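A.B. asks: Dropping in run-v6.cif, with mmCIF, C-alpha atoms.
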data_model
loop_
_atom_site.label_atom_id
_atom_site.label_comp_id
_atom_site.auth_asym_id
_atom_site.auth_seq_id
_atom_site.Cartn_x
_atom_site.Cartn_y
_atom_site.Cartn_z
CA ARG A 209 21.79 23.32 -1.26
CA TYR A 210 18.14 24.40 -1.41
CA ARG A 211 18.05 25.19 2.30
CA ARG A 212 21.10 27.43 1.92
CA ALA A 213 19.51 29.14 -1.09
CA ALA A 214 16.27 29.63 0.84
CA VAL A 215 18.10 31.31 3.71
CA ILE A 216 19.72 33.76 1.29
CA VAL A 217 16.57 34.71 -0.66
CA TYR A 218 14.01 34.66 2.17
CA PRO A 219 14.33 38.41 3.00
CA TYR A 220 13.82 39.28 -0.68
CA ALA A 221 10.72 37.06 -0.86
CA VAL A 222 9.22 38.66 2.24
CA GLU A 223 9.86 42.14 0.85
CA ALA A 224 8.39 41.22 -2.55
CA ILE A 225 5.23 39.81 -1.00
CA LYS A 226 4.86 42.87 1.23
CA VAL A 227 5.26 45.23 -1.74
CA PHE A 228 2.77 43.24 -3.83
CA ARG A 229 0.13 43.27 -1.09
CA GLN A 230 0.66 47.02 -0.61
CA LEU A 231 0.33 47.54 -4.37
CA GLU A 232 -2.93 45.57 -4.41
CA GLN A 233 -4.41 47.68 -1.62
CA GLU A 234 -3.38 51.02 -3.10
CA THR A 235 -4.50 50.21 -6.65
CA SER A 236 -7.75 48.41 -5.86
CA ASP A 237 -9.86 51.46 -6.76
CA MET A 238 -7.73 52.74 -9.66
CA ARG A 239 -8.46 52.35 -13.32
CA LYS A 240 -6.34 49.99 -15.41
CA GLY A 241 -4.14 52.65 -17.04
CA LYS A 242 -3.47 54.49 -13.83
CA ARG A 243 -2.73 51.20 -12.06
CA LYS A 244 -0.15 50.26 -14.71
CA LYS A 245 1.51 53.65 -14.46
CA TYR A 246 1.68 53.35 -10.68
CA ALA A 247 3.15 49.85 -10.98
CA LYS A 248 5.73 51.11 -13.48
CA ASN A 249 6.88 53.87 -11.12
CA LEU A 250 7.03 51.40 -8.24
CA GLN A 251 9.08 49.06 -10.40
CA LYS A 252 11.62 51.82 -11.07
CA ASP A 253 12.00 52.42 -7.34
CA MET A 254 12.38 48.71 -6.60
CA LYS A 255 14.87 48.32 -9.44
CA GLU A 256 17.13 51.00 -7.97
CA LYS A 257 16.93 49.36 -4.56
CA PHE A 258 17.26 45.64 -5.43
CA GLU A 259 18.86 45.36 -8.86
CA ASP A 260 22.46 44.78 -7.75
CA PRO A 261 21.78 42.19 -5.03
CA LEU A 262 19.32 40.25 -7.20
CA LYS A 263 21.72 40.17 -10.15
CA LYS A 264 24.23 38.35 -7.95
CA LEU A 265 21.85 35.46 -7.18
CA THR A 266 22.52 32.05 -8.66
CA ARG A 267 19.95 30.26 -10.80
CA THR A 268 19.00 27.99 -7.92
CA GLN A 269 18.51 30.96 -5.63
CA GLY A 270 16.36 32.66 -8.26
CA LEU A 271 14.20 29.57 -8.67
CA VAL A 272 13.76 29.25 -4.91
CA LEU A 273 12.82 32.95 -4.73
CA THR A 274 10.12 32.63 -7.41
CA LYS A 275 8.76 29.45 -5.80
CA MET A 276 8.52 31.18 -2.41
CA ILE A 277 6.61 34.07 -3.94
CA GLU A 278 4.32 31.79 -5.95
CA LYS A 279 3.46 29.64 -2.92
CA GLU A 280 2.66 32.63 -0.72
CA LEU A 281 0.50 34.41 -3.31
CA ASN A 282 -1.08 31.24 -4.78
CA THR A 283 -0.51 32.37 -8.36
CA SER A 284 2.22 31.97 -10.94
CA THR A 285 4.88 34.59 -11.57
CA TYR A 286 3.75 34.84 -15.20
CA GLU A 287 0.20 35.69 -14.11
CA LEU A 288 1.49 38.34 -11.69
CA ILE A 289 3.56 40.01 -14.41
CA LYS A 290 0.71 39.77 -16.89
CA GLU A 291 -1.69 41.38 -14.42
CA LEU A 292 0.63 44.19 -13.34
CA ARG A 293 2.71 45.00 -16.39
CA GLY A 294 0.67 43.62 -19.29
CA GLY A 295 2.71 40.50 -20.07
CA LEU A 296 6.10 39.50 -21.32
CA THR A 297 7.63 39.71 -24.76
#
As structure tokens, please, write out the structure in this file.
C.D. replies:
Amino acid sequence: RYRRAAVIVYPYAVEAIKVFRQLEQETSDMRKGKRKKYAKNLQKDMKEKFEDPLKKLTRTQGLVLTKMIEKELNTSTYELIKELRGGLT
């Protein structure tokens, strides 16, 4: 079951990691406010592109996706969101 889920979500994980690394490079010299604004605009673009396919994932597929991203970036999803968007409510 997990192998099947991994095959389905692998392209999304690769794209997410690529976008995150690109975001890190482009915002490395920006101030905090400008970096958050840039991340917010990027999130809007990604939402338009990936919202429908990601909504159709099962819970298991979503968990596998987050684990793939966490293992590649060596940090938790919560820490990534906190760093980029300012946390969760």
A.B. asks: Using the chain letters and numbers from the file, give me the residues hit by the PyMOL selection byres ((chain A and resi 281) around 12), as a VMD selection string.
C.D. replies: chain A and resid 221 to 222 224 to 229 232 274 to 280 282 to 285 287 to 288
A.B. asks: Check the smallest atom-to-atom distance from each of A:Leu231, A:Glu223, A:Thr268, A:Ile216 to Arg243 of chain A using only C-alpha atoms, then report the winner.
C.D. replies: A:Leu231
A.B. asks: Once the PyMOL selection byres ((chain A and resi 212) around 12) is applied to the coordinates I shared, what remains selected? I want it as a VMD selection string.
C.D. replies: chain A and resid 209 to 211 213 to 218 266 268 to 269 272 to 273
A.B. asks: Could you state the separation of atom CA of Ile289 of chain A and atom CA of Ala247 of chain A in Å, given to one decimal place?
C.D. replies: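 Atom CA of Ala247 of chain A lies 10.4 Å from atom CA of Ile289 of chain A.
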A.B. asks: What's the separation between atom CA of Glu291 of chain A and atom CA of Lys244 of chain A, in Å to one decimal place?
C.D. replies: 9.0 Å
A.B. asks: Figure out the distance between atom CA of Leu250 of chain A and atom CA of Lys263 of chain A, please, to one decimal in Å.
C.D. replies: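 For atom CA of Lys263 of chain A relative to atom CA of Leu250 of chain A, the distance reads 18.6 Å.
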A.B. asks: Could you work out an axis-aligned bounding box for all listed atoms of segment 209-224 of chain A, with 3 Å added on each of the six sides, and give its centre and edge lengths in Å to one decimal, as lines of an AutoDock Vina configuration file?
C.D. replies:
center_x = 15.1
center_y = 32.7
center_z = 0.6
size_x = 19.4
size_y = 24.8
size_z = 12.3
A.B. asks: Using only C-alpha atoms, find the one residue out of A:Leu292, A:Tyr286, A:Lys257, A:Arg267 that sits nearest to Lys242 of chain A.
C.D. replies: A:Leu292
A.B. asks: Tyr246 of chain A: which residues within 12 Å, counting only C-alpha atoms, same-chain residues fewer than 4 positions away excluded, as an MDAnalysis selection string?
C.D. replies: chainID A and resid 230:232 234:236 238:242 250:253 292:293
A.B. asks: Atoms to include: C-alpha atoms. Write the selected residues as a PDB file, keeping the file's coordinate frame.
C.D. replies:
ATOM      1  CA  GLN A 230       0.660  47.020  -0.610  1.00  0.00           C
ATOM      2  CA  LEU A 231       0.330  47.540  -4.370  1.00  0.00           C
ATOM      3  CA  GLU A 232      -2.930  45.570  -4.410  1.00  0.00           C
ATOM      4  CA  GLU A 234      -3.380  51.020  -3.100  1.00  0.00           C
ATOM      5  CA  THR A 235      -4.500  50.210  -6.650  1.00  0.00           C
ATOM      6  CA  SER A 236      -7.750  48.410  -5.860  1.00  0.00           C
ATOM      7  CA  MET A 238      -7.730  52.740  -9.660  1.00  0.00           C
ATOM      8  CA  ARG A 239      -8.460  52.350 -13.320  1.00  0.00           C
ATOM      9  CA  LYS A 240      -6.340  49.990 -15.410  1.00  0.00           C
ATOM     10  CA  GLY A 241      -4.140  52.650 -17.040  1.00  0.00           C
ATOM     11  CA  LYS A 242      -3.470  54.490 -13.830  1.00  0.00           C
ATOM     12  CA  LEU A 250       7.030  51.400  -8.240  1.00  0.00           C
ATOM     13  CA  GLN A 251       9.080  49.060 -10.400  1.00  0.00           C
ATOM     14  CA  LYS A 252      11.620  51.820 -11.070  1.00  0.00           C
ATOM     15  CA  ASP A 253      12.000  52.420  -7.340  1.00  0.00           C
ATOM     16  CA  LEU A 292       0.630  44.190 -13.340  1.00  0.00           C
ATOM     17  CA  ARG A 293       2.710  45.000 -16.390  1.00  0.00           C
TER      18      ARG A 293
END
